[in-house]
$ cat run-v7.tsv   # TSV, C-alpha atoms
chain	number	residue	atom	x	y	z
A	1	MET	CA	-17.70	4.16	-1.11
A	2	PRO	CA	-21.42	4.84	-0.93
A	3	GLN	CA	-21.67	6.11	-4.51
A	4	GLN	CA	-20.03	3.02	-5.89
A	5	ARG	CA	-21.14	0.46	-3.40
A	6	ALA	CA	-24.23	-0.62	-5.31
A	7	SER	CA	-22.01	-2.40	-7.80
A	8	ALA	CA	-19.55	-3.79	-5.26
A	9	SER	CA	-21.45	-7.05	-4.99
A	10	LEU	CA	-21.24	-7.64	-8.73
A	11	ALA	CA	-20.62	-11.31	-9.37
A	12	LEU	CA	-17.92	-11.87	-11.95
A	13	ASP	CA	-17.15	-15.34	-13.25
A	14	ARG	CA	-13.76	-16.55	-14.41
A	15	THR	CA	-14.43	-15.62	-18.04
A	16	ASP	CA	-15.41	-12.04	-17.05
A	17	LYS	CA	-12.16	-11.68	-15.15
A	18	LEU	CA	-10.05	-13.08	-18.00
A	19	LEU	CA	-11.83	-10.75	-20.39
A	20	ILE	CA	-11.25	-7.68	-18.18
A	21	ASN	CA	-7.60	-8.59	-17.67
A	22	ARG	CA	-7.10	-9.03	-21.40
A	23	LEU	CA	-8.84	-5.79	-22.42
A	24	GLN	CA	-7.19	-3.62	-19.76
A	25	LYS	CA	-4.02	-4.16	-21.78
A	26	GLY	CA	-5.67	-2.92	-24.94
A	27	VAL	CA	-8.35	-3.61	-27.52
A	28	PRO	CA	-6.91	-5.21	-30.68
A	29	ARG	CA	-6.82	-2.82	-33.62
A	30	SER	CA	-7.98	-5.25	-36.25
A	31	PRO	CA	-11.24	-5.50	-38.21
A	32	ARG	CA	-12.75	-8.00	-35.73
A	33	PRO	CA	-11.21	-7.13	-32.34
A	34	TYR	CA	-13.83	-8.94	-30.25
A	35	ARG	CA	-13.42	-12.11	-32.29
A	36	GLU	CA	-9.69	-11.95	-31.72
A	37	VAL	CA	-10.26	-11.76	-27.94
A	38	ALA	CA	-12.94	-14.46	-28.16
A	39	ASP	CA	-10.51	-16.81	-29.91
A	40	ALA	CA	-7.92	-16.27	-27.18
A	41	LEU	CA	-10.50	-17.06	-24.49
A	42	GLU	CA	-12.02	-19.90	-26.52
A	43	ILE	CA	-15.51	-18.42	-26.53
A	44	GLU	CA	-17.75	-16.93	-29.23
A	45	GLU	CA	-17.45	-13.37	-30.51
A	46	GLY	CA	-21.09	-12.72	-29.60
A	47	GLU	CA	-20.42	-13.81	-26.04
A	48	VAL	CA	-17.54	-11.33	-25.71
A	49	ILE	CA	-19.79	-8.52	-26.94
A	50	GLY	CA	-22.61	-9.60	-24.62
A	51	ARG	CA	-20.33	-9.82	-21.60
A	52	LEU	CA	-18.79	-6.40	-22.34
A	53	ARG	CA	-22.25	-4.84	-22.59
A	54	ARG	CA	-23.21	-6.38	-19.24
A	55	LEU	CA	-19.94	-5.32	-17.53
A	56	LEU	CA	-20.33	-1.74	-18.79
A	57	ASP	CA	-24.04	-1.59	-17.80
A	58	ALA	CA	-23.28	-2.97	-14.34
A	59	GLY	CA	-20.42	-0.50	-13.81
A	60	ALA	CA	-17.66	-3.11	-13.53
A	61	LEU	CA	-16.04	-1.27	-16.43
A	62	THR	CA	-16.29	2.51	-16.49
A	63	ARG	CA	-15.34	2.62	-20.16
A	64	LEU	CA	-14.10	0.67	-23.16
A	65	GLY	CA	-12.44	3.26	-25.32
A	66	ALA	CA	-9.63	5.78	-25.65
A	67	ILE	CA	-7.86	7.23	-22.63
A	68	LEU	CA	-6.47	10.61	-23.69
A	69	ASN	CA	-3.28	12.40	-22.70
A	70	ALA	CA	-3.82	16.11	-21.96
A	71	PRO	CA	-0.14	17.19	-22.22
A	72	GLN	CA	0.23	15.48	-25.62
A	73	LEU	CA	-2.83	17.41	-26.75
A	74	GLY	CA	-1.05	20.64	-25.85
A	75	GLY	CA	-2.96	20.93	-22.59
A	76	GLU	CA	-2.38	20.17	-18.97
A	77	ARG	CA	-3.39	17.86	-16.18
A	78	THR	CA	-3.05	18.62	-12.48
A	79	LEU	CA	-4.13	17.41	-9.05
A	80	CYS	CA	-5.95	19.91	-6.82
A	81	ALA	CA	-7.39	19.80	-3.32
A	82	VAL	CA	-9.70	21.88	-1.14
A	83	ALA	CA	-10.53	21.73	2.55
A	84	ALA	CA	-14.32	21.78	2.50
A	85	PRO	CA	-16.06	22.37	5.84
A	86	PRO	CA	-18.08	19.21	6.61
A	87	ASP	CA	-21.38	21.12	6.72
A	88	ARG	CA	-20.76	22.55	3.23
A	89	LEU	CA	-19.49	19.36	1.62
A	90	ASP	CA	-22.33	18.77	-0.86
A	91	GLU	CA	-22.30	22.36	-2.07
A	92	VAL	CA	-18.52	22.34	-2.60
A	93	ILE	CA	-18.64	18.97	-4.39
A	94	ALA	CA	-21.28	20.36	-6.75
A	95	ALA	CA	-19.20	23.49	-7.42
A	96	ILE	CA	-16.24	21.29	-8.39
A	97	ASN	CA	-18.00	18.54	-10.32
A	98	ARG	CA	-20.01	20.83	-12.58
A	99	HIS	CA	-16.84	21.67	-14.52
A	100	PRO	CA	-16.26	19.32	-17.47
A	101	GLU	CA	-12.49	19.77	-16.94
A	102	VAL	CA	-12.79	17.86	-13.64
A	103	SER	CA	-12.10	14.26	-14.69
A	104	HIS	CA	-11.82	12.69	-11.22
A	105	ASN	CA	-12.87	13.74	-7.74
A	106	TYR	CA	-12.30	11.73	-4.56
A	107	GLU	CA	-13.22	12.39	-0.96
A	108	ARG	CA	-10.25	11.63	1.32
A	109	THR	CA	-9.43	11.44	5.03
A	110	HIS	CA	-7.64	14.76	5.67
A	111	ALA	CA	-8.48	18.42	6.33
A	112	TYR	CA	-7.93	18.69	2.57
A	113	ASN	CA	-10.84	16.37	2.00
A	114	LEU	CA	-11.67	16.81	-1.70
A	115	TRP	CA	-9.02	15.80	-4.24
A	116	PHE	CA	-9.77	16.36	-7.90
A	117	VAL	CA	-7.96	16.11	-11.23
A	118	LEU	CA	-8.26	18.89	-13.81
A	119	SER	CA	-7.48	17.93	-17.41
A	120	SER	CA	-7.84	20.02	-20.50
A	121	GLU	CA	-6.39	20.30	-23.98
A	122	ASP	CA	-6.23	24.05	-23.29
A	123	ALA	CA	-3.75	24.79	-20.49
A	124	ALA	CA	-5.49	28.11	-19.81
A	125	ASP	CA	-8.54	26.19	-18.57
A	126	ILE	CA	-6.66	25.00	-15.48
A	127	GLY	CA	-6.19	28.44	-13.95
A	128	ARG	CA	-9.64	29.57	-15.02
A	129	VAL	CA	-11.43	26.59	-13.43
A	130	ILE	CA	-9.42	26.92	-10.20
A	131	ALA	CA	-10.32	30.62	-10.03
A	132	GLU	CA	-14.00	29.83	-10.64
A	133	ILE	CA	-14.10	27.18	-7.93
A	134	GLU	CA	-12.36	29.52	-5.49
A	135	LYS	CA	-14.78	32.33	-6.30
A	136	GLU	CA	-17.87	30.14	-6.04
A	137	THR	CA	-16.89	28.39	-2.80
A	138	GLY	CA	-14.76	31.05	-1.12
A	139	LEU	CA	-12.21	28.28	-0.43
A	140	ARG	CA	-8.58	28.16	-1.43
A	141	VAL	CA	-7.68	25.49	-4.00
A	142	ILE	CA	-4.16	24.07	-3.79
A	143	ASN	CA	-2.74	23.18	-7.21
A	144	LEU	CA	-0.24	20.30	-7.18
A	145	PRO	CA	0.92	19.57	-10.74
A	146	THR	CA	3.21	16.63	-11.40
A	147	LEU	CA	6.85	17.71	-11.15
A	148	GLU	CA	8.30	14.24	-11.67
A	149	GLU	CA	6.61	10.97	-12.53
A	150	TYR	CA	8.11	7.83	-11.01
A	151	ARG	CA	5.43	5.26	-11.76
A	152	VAL	CA	2.07	5.03	-13.52
A	153	GLU	CA	0.58	1.55	-13.62
A	154	PHE	CA	-2.95	1.13	-14.90
A	155	TYR	CA	-3.06	-2.63	-15.15
A	156	TYR	CA	-4.66	-4.40	-12.23
A	157	GLU	CA	-4.73	-8.14	-12.70
A	158	LEU	CA	-7.91	-9.66	-11.36
A	159	PRO	CA	-7.09	-12.98	-9.71
A	160	VAL	CA	-8.93	-15.79	-11.52
B	1	MET	CA	-14.59	14.42	-43.14
B	2	SER	CA	-12.65	15.99	-45.97
B	3	GLU	CA	-10.48	13.95	-48.32
B	4	THR	CA	-7.62	16.36	-47.79
B	5	GLY	CA	-8.16	16.93	-44.10
B	6	ASP	CA	-4.88	15.32	-43.16
B	7	THR	CA	-2.59	16.67	-45.82
B	8	GLY	CA	-0.23	19.21	-44.42
B	9	GLN	CA	-1.53	18.65	-40.91
B	10	GLU	CA	0.54	19.85	-38.01
B	11	THR	CA	2.24	16.95	-36.31
B	12	ARG	CA	3.63	18.70	-33.27
B	13	ASN	CA	2.10	17.84	-29.92
B	14	GLY	CA	-1.24	19.34	-29.19
B	15	VAL	CA	-2.46	19.78	-32.70
B	16	LEU	CA	-5.14	17.52	-34.03
B	17	SER	CA	-6.29	17.42	-37.60
B	18	GLU	CA	-10.01	17.83	-38.12
B	19	ASP	CA	-10.31	14.13	-38.91
B	20	GLU	CA	-8.43	13.13	-35.77
B	21	ARG	CA	-10.63	15.30	-33.58
B	22	ALA	CA	-13.76	13.76	-35.11
B	23	LEU	CA	-12.35	10.29	-34.40
B	24	LEU	CA	-11.39	11.15	-30.79
B	25	LEU	CA	-14.88	12.52	-30.12
B	26	ILE	CA	-16.19	9.01	-30.83
B	27	VAL	CA	-13.53	6.80	-29.25
B	28	GLN	CA	-13.27	8.85	-26.03
B	29	GLU	CA	-16.89	7.87	-25.35
B	30	GLY	CA	-16.41	4.23	-26.22
B	31	LEU	CA	-15.92	1.66	-28.94
B	32	PRO	CA	-19.14	0.40	-30.55
B	33	LEU	CA	-20.07	-3.06	-29.24
B	34	VAL	CA	-20.56	-4.59	-32.68
B	35	PRO	CA	-18.46	-7.20	-34.49
B	36	ALA	CA	-16.70	-4.60	-36.67
B	37	PRO	CA	-16.44	-1.50	-34.45
B	38	TYR	CA	-13.81	0.30	-36.53
B	39	ARG	CA	-15.90	-0.15	-39.69
B	40	GLU	CA	-18.89	1.33	-37.87
B	41	ILE	CA	-16.79	4.34	-36.78
B	42	ALA	CA	-15.53	4.71	-40.35
B	43	GLU	CA	-19.11	4.78	-41.64
B	44	ARG	CA	-20.03	7.47	-39.13
B	45	LEU	CA	-17.02	9.53	-40.23
B	46	GLY	CA	-17.47	8.86	-43.92
B	47	THR	CA	-14.08	7.25	-44.32
B	48	SER	CA	-12.58	3.77	-44.57
B	49	GLU	CA	-11.94	1.23	-41.84
B	50	GLU	CA	-8.26	1.16	-42.87
B	51	ARG	CA	-8.02	4.93	-42.39
B	52	VAL	CA	-9.58	4.70	-38.90
B	53	LEU	CA	-7.11	1.99	-37.86
B	54	GLU	CA	-4.24	4.01	-39.31
B	55	MET	CA	-5.26	7.18	-37.44
B	56	LEU	CA	-5.63	5.26	-34.17
B	57	GLN	CA	-2.17	3.80	-34.63
B	58	GLU	CA	-0.79	7.30	-35.26
B	59	LEU	CA	-2.54	8.81	-32.21
B	60	LEU	CA	-1.25	5.99	-30.00
B	61	GLN	CA	2.27	6.50	-31.34
B	62	ARG	CA	2.09	10.22	-30.59
B	63	ARG	CA	0.75	9.32	-27.12
B	64	VAL	CA	-2.31	11.52	-27.70
B	65	ILE	CA	-4.20	8.32	-26.89
B	66	LYS	CA	-2.55	6.69	-23.88
B	67	ARG	CA	-4.47	3.47	-24.23
B	68	LEU	CA	-7.37	2.08	-26.21
B	69	ALA	CA	-8.59	-0.27	-23.51
B	70	ALA	CA	-11.07	-1.30	-20.86
B	71	VAL	CA	-11.09	0.89	-17.74
B	72	PRO	CA	-12.17	-1.21	-14.75
B	73	ASN	CA	-13.99	0.23	-11.77
B	74	HIS	CA	-11.74	-1.07	-9.02
B	75	TYR	CA	-14.44	-0.67	-6.39
B	76	ALA	CA	-16.85	-2.87	-8.31
B	77	LEU	CA	-14.07	-5.43	-8.57
B	78	GLY	CA	-13.50	-5.62	-4.82
B	79	VAL	CA	-10.34	-3.48	-4.62
B	80	THR	CA	-12.14	-1.17	-2.28
B	81	HIS	CA	-9.38	0.58	-0.38
B	82	ASN	CA	-7.04	3.13	-1.84
B	83	GLY	CA	-4.41	4.88	0.24
B	84	MET	CA	-2.51	7.94	-0.93
B	85	ALA	CA	0.76	7.81	1.02
B	86	VAL	CA	2.62	11.12	1.21
B	87	TRP	CA	6.02	12.11	2.57
B	88	ASP	CA	7.90	15.36	3.04
B	89	VAL	CA	11.35	14.48	1.69
B	90	PRO	CA	14.15	17.07	1.41
B	91	ASP	CA	14.33	18.44	-2.14
B	92	SER	CA	17.92	17.26	-2.52
B	93	LEU	CA	16.83	13.63	-2.03
B	94	VAL	CA	13.38	13.60	-3.57
B	95	SER	CA	14.29	12.35	-7.05
B	96	ALA	CA	16.30	9.42	-5.73
B	97	VAL	CA	13.54	8.53	-3.25
B	98	GLY	CA	10.87	8.78	-5.97
B	99	ARG	CA	12.79	6.55	-8.36
B	100	LYS	CA	13.23	4.00	-5.59
B	101	LEU	CA	9.51	4.04	-4.71
B	102	GLY	CA	8.61	3.78	-8.38
B	103	ARG	CA	10.09	0.28	-8.46
B	104	TRP	CA	7.74	-1.05	-5.75
B	105	PRO	CA	5.19	-3.35	-7.37
B	106	GLU	CA	2.49	-2.44	-4.79
B	107	ILE	CA	2.67	1.24	-5.76
B	108	THR	CA	0.51	1.96	-8.81
B	109	HIS	CA	1.17	5.71	-9.13
B	110	CYS	CA	4.08	7.71	-7.75
B	111	TYR	CA	4.79	11.39	-8.32
B	112	ARG	CA	6.69	14.39	-7.06
B	113	ARG	CA	4.40	17.39	-6.53
B	114	PRO	CA	4.91	20.84	-5.00
B	115	ARG	CA	4.16	21.64	-1.37
B	116	ALA	CA	1.41	24.16	-0.61
B	117	PRO	CA	-0.03	26.07	2.37
B	118	GLY	CA	-1.18	23.46	4.91
B	119	TRP	CA	0.34	20.76	2.71
B	120	PRO	CA	3.97	19.98	3.56
B	121	TYR	CA	4.32	16.77	1.45
B	122	ASN	CA	6.14	16.43	-1.88
B	123	VAL	CA	6.11	12.66	-2.63
B	124	PHE	CA	2.85	10.87	-3.43
B	125	ALA	CA	2.39	7.10	-3.78
B	126	MET	CA	-0.88	5.20	-4.37
B	127	VAL	CA	-1.40	1.80	-2.81
B	128	HIS	CA	-4.55	-0.31	-3.24
B	129	GLY	CA	-5.93	-3.21	-1.27
B	130	MET	CA	-8.94	-5.10	0.01
B	131	SER	CA	-8.92	-3.37	3.44
B	132	ARG	CA	-7.47	-0.30	5.15
B	133	ALA	CA	-5.35	-2.55	7.36
B	134	GLU	CA	-3.86	-4.27	4.32
B	135	VAL	CA	-3.04	-0.94	2.66
B	136	LEU	CA	-1.50	0.46	5.87
B	137	THR	CA	0.61	-2.64	6.41
B	138	ARG	CA	1.95	-2.37	2.87
B	139	ILE	CA	2.72	1.33	3.22
B	140	GLN	CA	4.48	0.81	6.56
B	141	ALA	CA	6.62	-1.94	5.05
B	142	ILE	CA	7.51	0.29	2.09
B	143	SER	CA	8.28	3.25	4.37
B	144	HIS	CA	10.56	1.05	6.47
B	145	GLU	CA	12.38	-0.63	3.57
B	146	ALA	CA	12.85	2.64	1.69
B	147	GLY	CA	14.22	4.34	4.81
B	148	LEU	CA	11.49	7.00	4.89
B	149	GLU	CA	10.30	6.52	8.47
B	150	THR	CA	11.99	9.64	9.80
B	151	TYR	CA	10.27	12.00	7.35
B	152	PRO	CA	6.87	13.60	8.02
B	153	HIS	CA	4.30	11.27	6.57
B	154	ASP	CA	0.56	10.71	6.21
B	155	VAL	CA	-1.87	8.33	4.48
B	156	LEU	CA	-5.11	9.65	2.99
B	157	PHE	CA	-7.76	7.01	2.31
B	158	SER	CA	-10.44	7.64	-0.26
B	159	THR	CA	-13.90	7.45	1.27
B	160	ARG	CA	-16.00	8.23	-1.83
B	161	ILE	CA	-15.55	8.46	-5.58
B	162	LEU	CA	-17.36	11.68	-6.46
B	163	LYS	CA	-16.49	11.72	-10.16
B	164	LYS	CA	-14.53	9.48	-12.53
B	165	GLN	CA	-14.91	10.09	-16.22
B	166	GLY	CA	-11.53	10.61	-17.86
B	167	MET	CA	-10.39	13.48	-20.00
B	168	ARG	CA	-12.41	14.60	-23.04
B	169	VAL	CA	-11.59	16.69	-26.08
B	170	ARG	CA	-14.14	19.20	-27.30
B	171	ALA	CA	-16.03	19.30	-30.55
B	172	ARG	CA	-14.16	22.48	-31.54
B	173	PRO	CA	-10.42	22.99	-31.32
B	174	VAL	CA	-8.83	25.39	-28.88
B	175	ALA	CA	-8.49	28.83	-30.49
B	176	ALA	CA	-4.94	29.67	-31.47
B	177	PRO	CA	-3.28	32.04	-28.96

$ encode --input "run-v7.tsv" --output "structure tokens"
Amino acid sequence: MPQQRASASLALDRTDKLLINRLQKGVPRSPRPYREVADALEIEEGEVIGRLRRLLDAGALTRLGAILNAPQLGGERTLCAVAAPPDRLDEVIAAINRHPEVSHNYERTHAYNLWFVLSSEDAADIGRVIAEIEKETGLRVINLPTLEEYRVEFYYELPV
Amino acid sequence: MSETGDTGQETRNGVLSEDERALLLIVQEGLPLVPAPYREIAERLGTSEERVLEMLQELLQRRVIKRLAAVPNHYALGVTHNGMAVWDVPDSLVSAVGRKLGRWPEITHCYRRPRAPGWPYNVFAMVHGMSRAEVLTRIQAISHEAGLETYPHDVLFSTRILKKQGMRVRARPVAAP
């Protein structure tokens, strides 16, 4: 993961891991949410805030905030893939990533080597962005929306 | 933020009041790292802390907000290998197979998706681990136990994260059709 590897050596102590595990499940919705978490971990509120700032700056956390649901906003979310020729990879990645509707993009080991998620509160954006990427790259985009959902698990418990 | 912004608001899916959109524009970027983050948001919106907490509760209940939480970067945390296992299962069996796979604790995401040109697979399952070998071993065990070994199958490993930012709403609502 070259683009993420810089942070792979990040040293997390036990308190960091407990904090991440706790907050993956949700931030308390009370006037002093960080104090509530601090009390549970038996540390100070200021330490929770300081650790969160460090974890976000270092890239151990990509975000501490709201994760939105495109379909519930009247929009759509779908998984797409393209088979980018290896010698055009950077150009195709740029043509995909410049769209704000692209929320995730992963390189994978297959002829279809770029896998990206399109999310928008306006369902019409999905078809438009796919058409724009196809036009710009001259490559066919396959559109693989969810037909049935069997499992979605976001929580990953860090061993402490 | 208007005093009456929420009266008579549409509550069906997909419709945000003006106040809700203003709130989402802040919380989709991140919660302020201050002792009273909801009060700070309320000050920015010109409303009360109670109202902010109430709106968040509402948006979570409507599932407009899936979670208000920390999003870890798995790669930074040492979970460096991610395999997307895919199978081509006959359409008549796919729902039963998917429901069965969905109960496997090692599978974090599992979906049915359509096939496409050059893409014969219709069941997708994500498995994470500390090495490719570990992920492959897990997937092989799952494939065996779930009786999927006879179906066409592949595993796609991620080799780079090229973008990961989550979905965002816009400052202005989508124009009515």

$ residues_near_point --input "run-v7.tsv" --point "(-10.4, -0.2, -5.9)" --cutoff "9 Å" --atoms "all atoms listed in the file" --output "list of chain:residue names"
B:Asn73, B:His74, B:Tyr75, B:Ala76, B:Leu77, B:Gly78, B:Val79, B:Thr80, B:His81, B:Asn82, B:His128, B:Gly129, B:Met130

$ write_last_selection --input "run-v7.tsv" --atoms "C-alpha atoms" --output "PDB file, in the coordinates of the input"
ATOM      1  CA  ASN B  73     -13.990   0.230 -11.770  1.00  0.00           C
ATOM      2  CA  HIS B  74     -11.740  -1.070  -9.020  1.00  0.00           C
ATOM      3  CA  TYR B  75     -14.440  -0.670  -6.390  1.00  0.00           C
ATOM      4  CA  ALA B  76     -16.850  -2.870  -8.310  1.00  0.00           C
ATOM      5  CA  LEU B  77     -14.070  -5.430  -8.570  1.00  0.00           C
ATOM      6  CA  GLY B  78     -13.500  -5.620  -4.820  1.00  0.00           C
ATOM      7  CA  VAL B  79     -10.340  -3.480  -4.620  1.00  0.00           C
ATOM      8  CA  THR B  80     -12.140  -1.170  -2.280  1.00  0.00           C
ATOM      9  CA  HIS B  81      -9.380   0.580  -0.380  1.00  0.00           C
ATOM     10  CA  ASN B  82      -7.040   3.130  -1.840  1.00  0.00           C
ATOM     11  CA  HIS B 128      -4.550  -0.310  -3.240  1.00  0.00           C
ATOM     12  CA  GLY B 129      -5.930  -3.210  -1.270  1.00  0.00           C
ATOM     13  CA  MET B 130      -8.940  -5.100   0.010  1.00  0.00           C
TER      14      MET B 130
END

$ residues_around --input "run-v7.tsv" --residues "Ile43 of chain A" --least-positions-apart "4" --cutoff "12 Å" --atoms "only C-alpha atoms" --output "list in words"
Thr15, Asp16, Leu18, Leu19, Tyr34, Arg35, Glu36, Val37, Ala38, Asp39, Glu47, Val48, Ile49, Gly50 and Arg51 of chain A

$ residues_around --input "run-v7.tsv" --residues "segment 151-166 of chain B" --least-positions-apart "4" --cutoff "6 Å" --atoms "all atoms listed in the file" --output "PyMOL selection string"
(chain A and resi 1+103-109) or (chain B and resi 82-88)

$ axis_aligned_box --input "run-v7.tsv" --around "segment 73-84 of chain B" --padding-each-side "6 Å" --output "AutoDock Vina command-line options"
--center_x -9.7 --center_y 1.2 --center_z -5.8 --size_x 26.3 --size_y 25.6 --size_z 24.0

$ residues_around --input "run-v7.tsv" --residues "Arg140 of chain A" --least-positions-apart "6" --cutoff "12 Å" --atoms "only C-alpha atoms" --output "NGL selection string"
(:A and (80-85 or 92 or 112 or 114 or 130-134)) or (:B and (116-118))

$ write_last_selection --input "run-v7.tsv" --atoms "C-alpha atoms" --output "CSV table (one decimal), in the coordinates of the input"
chain,number,residue,atom,x,y,z
A,80,CYS,CA,-6.0,19.9,-6.8
A,81,ALA,CA,-7.4,19.8,-3.3
A,82,VAL,CA,-9.7,21.9,-1.1
A,83,ALA,CA,-10.5,21.7,2.6
A,84,ALA,CA,-14.3,21.8,2.5
A,85,PRO,CA,-16.1,22.4,5.8
A,92,VAL,CA,-18.5,22.3,-2.6
A,112,TYR,CA,-7.9,18.7,2.6
A,114,LEU,CA,-11.7,16.8,-1.7
A,130,ILE,CA,-9.4,26.9,-10.2
A,131,ALA,CA,-10.3,30.6,-10.0
A,132,GLU,CA,-14.0,29.8,-10.6
A,133,ILE,CA,-14.1,27.2,-7.9
A,134,GLU,CA,-12.4,29.5,-5.5
B,116,ALA,CA,1.4,24.2,-0.6
B,117,PRO,CA,0.0,26.1,2.4
B,118,GLY,CA,-1.2,23.5,4.9

$ closest_residue --input "run-v7.tsv" --among "A:Val27, A:Ala95, A:Leu79, A:Leu139" --to "Val117 of chain A" --atoms "all atoms listed in the file"
A:Leu79

$ closest_atom_pairs --input "run-v7.tsv" --of "chain A" --to "chain B" --cutoff "6 Å" --atoms "all atoms listed in the file" --output "tab-separated table"
residue	atom	partner	partner_atom	distance
A:Met1	CA	B:Arg160	CA	4.5
A:Ser7	CA	B:Ala76	CA	5.2
A:Ala8	CA	B:Ala76	CA	4.2
A:Leu23	CA	B:Ala70	CA	5.3
A:Gln24	CA	B:Ala70	CA	4.7
A:Gly26	CA	B:Ala69	CA	4.2
A:Val27	CA	B:Ala69	CA	5.2
A:Pro31	CA	B:Ala36	CA	5.7
A:Arg32	CA	B:Ala36	CA	5.3
A:Ile49	CA	B:Leu33	CA	5.9
A:Ala60	CA	B:Asn73	CA	5.3
A:Leu61	CA	B:Pro72	CA	4.2
A:Thr62	CA	B:Val71	CA	5.6
A:Arg63	CA	B:Val71	CA	5.2
A:Leu64	CA	B:Ala70	CA	4.3
A:Gly65	CA	B:Gly30	CA	4.2
A:Ala66	CA	B:Leu68	CA	4.4
A:Ile67	CA	B:Arg67	CA	5.3
A:Leu68	CA	B:Ile65	CA	4.5
A:Asn69	CA	B:Val64	CA	5.2
A:Gln72	CA	B:Val64	CA	5.1
A:Leu73	CA	B:Gly14	CA	3.5
A:Gly74	CA	B:Gly14	CA	3.6
A:Ser103	CA	B:Gly166	CA	4.9
A:His104	CA	B:Lys164	CA	4.4
A:Asn105	CA	B:Lys163	CA	4.8
A:Tyr106	CA	B:Ile161	CA	4.7
A:Glu107	CA	B:Arg160	CA	5.1
A:Arg108	CA	B:Ser158	CA	4.3
A:Thr109	CA	B:Leu156	CA	5.1
A:Ser119	CA	B:Met167	CA	5.9
A:Leu144	CA	B:Arg113	CA	5.5
A:Pro145	CA	B:Arg113	CA	5.9
A:Thr146	CA	B:Arg113	CA	5.1
A:Leu147	CA	B:Arg113	CA	5.2
A:Glu148	CA	B:Arg112	CA	4.9
A:Glu149	CA	B:Tyr111	CA	4.6
A:Tyr150	CA	B:Gly102	CA	4.9
A:Arg151	CA	B:Gly102	CA	4.9
A:Val152	CA	B:His109	CA	4.5
A:Glu153	CA	B:Thr108	CA	4.8

$ atom_distance --input "run-v7.tsv" --atom1 "atom CA of Ile142 of chain B" --atom2 "atom CA of Val160 of chain A"
26.7 Å
